[in-house]
Amino acid sequence: MKNVDSLVAKLSADLRPQAPLWSPAKRSLVWLFLSAFPLVLLIFLVEHQNAASQAEASHRIWVGFIGLLPTLFAGWAALRASVPAKNWKPLAYLSLAILALWVLVSFLILPEAHGAHNPQGHSWECSITIFAHALFPLLILGLLMRKAYVLDPAKAVGVGVFSSVLLASALHPVLCPNESTLHFVVWHLLAPLGALCLTGLPFLVWKLRTKIKNT
Amino acid sequence: MKKKENRLHALEALNTRWCDLLISSQKGEQEAYRLFLGELAKKMERIVTPKFQDHSRAEDVVQEILLGVHKALATFDSSSSACSWVYAIARHKINDSLRVIYREDKRFMGGEVDFNLVDFICLVDEGFLQFEAQETLQELFEELNEEQRTVLRLTKLEGLSVDETAAQMGLSVSNVKVLTHRAMKQLKGLVNAPPHEGAQS
């Protein structure tokens with residue numbers, strides 16, 4: 001294999017010192033800080049101007065902060081998926097489990113649980129705002145993944161989109177004055193779950209087709 | 001069990017070696033990197049060639065693996081296993097190429113490659129296989145009686161003639177011939193016999 005020998009010689013001649021990439025855990029914290037900080041700042045500025053009373057917003061702030069936990073795990077899973085030989089699935093499942101707990105806690109924290117109260121007519125606008133806010137964390141995640149080596153882009157991008165939408169979704173209750181739990185579940189969580197399905201569906205179809213081909 | 005332990009030791013030794021070479025490579029030491037890529041290329045050739053009937057395609061896959069490792073070098077974390085890291089990249093590249101073959105030739109039958117990590121590292125290493133064969137032979141020698149062991153050692157390992165062996169053992173030439181024949185027959189039977197509990201892993 002002469003070509004292989006010449007490739008080995010070429011690659012070793014081209015080698016330049018390169019700093020090892022930070023661990024996915026460290027990078028996920030950086031991602032959360034860089035993505036959440038500007039969003040939190042923006043949201044708090046808007047909230048400060050609009051909120052009738054800070055006491056009303058406190059429930060929603062708590063819901064938002066709890067929502068950062070599954071976001072952190074989802075981001076961590078996405079960054080692990082971009083490094084060879086790192087198992088990301090347990091973190092992704094953990095994130096989903098905490099997401100379910102988050103919904104449960106939201107039912108307890110939000111005062112108008114089970115209500116369909118909709119004071120300012122927020123509905124699909126919330127979902128669109130969440131998607132728009134998700135672009136910034138997604139960009140940061142993309143930059144953090146740039147130096148990594150993604151073996152399976154479909155999975156890494158899928159988890160990455162999910163974590164970004166989850167982050168925007170976690171911070172959105174602070175901005176949205178509608179404290180109805182029904183509204184929160186339908187319009188705030190519908191967005192990340194919809195994104196998950198949209199990004200995961202092509203991958204599932206492709207995987208199924210490959211399996212059928214191999215049998 | 002002994003074989004399994006030996007393979008795990010070999011894996012550990014290779015892991016340490018590759019880990020050191022990869023850390024040096026990350027620091028920009030070209031010689032260490034050349035050594036690592038050379039070793040990896042040889043190992044990959046032995047794995048990939050039987051999987052792809054087309055030699056040039058096998059060579060392409062080995063090159064893909066080397067390029068993948070080169071691009072991913074910064075992601076290697078010295079606290080994790082070098083073998084697992086290489087294995088993940090190689091397995092992905094091999095399966096990717098197999099998928100291309102399925103798409104091109106629908107008649108091609110075969111599943112994705114799913115190596116066991118230990119086999120992936122050890123079973124393609126000629127030196128390791130030779131070492132294992134010697135160990136197995138040593139185990140089988142223990143099953144023979146003293147006379148048979150001696151006659152095989154003298155005639156087959158030390159290369160003495162039948163006359164010299166007969167003189168050394170104080171036996172007749174025909175006796176040595178019969179002993180050698182029976183010992184070889186028994187050894188052949190032991191090699192072909194299914195592994196029994198305790199002798200093999």
# chains A, B, ... in the order shown; residues from 1 in each chain; ligands from 1
call {"tool": "closest_atom_pairs", "arguments": {"of": "chain B", "to": "chain A", "cutoff": "8 Å", "atoms": "only C-alpha atoms", "output": "tab-separated table"}}
result
residue	atom	partner	partner_atom	distance
B:Ser25	CA	A:Pro17	CA	7.4
B:Gln26	CA	A:Gln18	CA	5.3
B:Lys27	CA	A:Pro17	CA	4.7
B:Gly28	CA	A:Pro17	CA	3.9
B:Glu29	CA	A:Pro17	CA	7.7
B:Gln30	CA	A:Ser12	CA	5.3
B:Glu31	CA	A:Ser12	CA	7.3
B:Tyr33	CA	A:Ser12	CA	5.8
B:Arg34	CA	A:Ser12	CA	5.2
B:Leu37	CA	A:Val8	CA	6.0
B:Gly38	CA	A:Val8	CA	6.5
B:Ala41	CA	A:Val4	CA	7.3
B:Glu59	CA	A:Met1	CA	6.8
B:Val62	CA	A:Val4	CA	7.3
B:Gln63	CA	A:Val4	CA	6.1
B:Leu66	CA	A:Val8	CA	7.8
B:His70	CA	A:Leu11	CA	7.3
B:Lys71	CA	A:Tyr149	CA	7.0
B:Ala72	CA	A:Tyr149	CA	5.2
B:Leu73	CA	A:Pro20	CA	7.9
B:Ala74	CA	A:Pro20	CA	4.7
B:Thr75	CA	A:Leu21	CA	5.3
B:Phe76	CA	A:Pro20	CA	6.7
B:Asp77	CA	A:Pro20	CA	6.8
B:Ser84	CA	A:Ala85	CA	6.0
B:Trp85	CA	A:Ala85	CA	5.1
B:Tyr87	CA	A:Ala85	CA	7.8
B:Ala88	CA	A:Ala85	CA	5.3
B:Ile89	CA	A:Pro84	CA	6.4
B:His92	CA	A:Leu151	CA	7.0
B:Tyr102	CA	A:Lys213	CA	7.6
B:Met109	CA	A:Asn214	CA	7.3
B:Gly110	CA	A:Asn214	CA	6.8
B:Gly111	CA	A:Asn214	CA	5.9
call {"tool": "residues_around", "arguments": {"residues": "Ala191 in chain A", "least_positions_apart": "3", "cutoff": "8 Å", "atoms": "only C-alpha atoms", "output": "PyMOL selection string"}}
result
chain A and resi 127-128+130-131+165+169+187-188+194-195
call {"tool": "residues_around", "arguments": {"residues": "Thr165 in chain B", "least_positions_apart": "6", "cutoff": "8 Å", "atoms": "only C-alpha atoms", "output": "list in words"}}
result
Val151, Leu154, Thr155 and Val176 of chain B
call {"tool": "write_last_selection", "arguments": {"atoms": "C-alpha atoms", "output": "PDB file, in the first residue's frame"}}
result
ATOM      1  CA  VAL B 151      11.192 -36.951  22.192  1.00  0.00           C
ATOM      2  CA  LEU B 154      14.637 -33.189  20.934  1.00  0.00           C
ATOM      3  CA  THR B 155      13.440 -34.057  17.416  1.00  0.00           C
ATOM      4  CA  VAL B 176      12.126 -43.250  19.013  1.00  0.00           C
TER       5      VAL B 176
END
call {"tool": "atom_distance", "arguments": {"atom1": "CA of Thr16 in chain B", "atom2": "CA of Leu144 in chain A"}}
result
28.8 Å
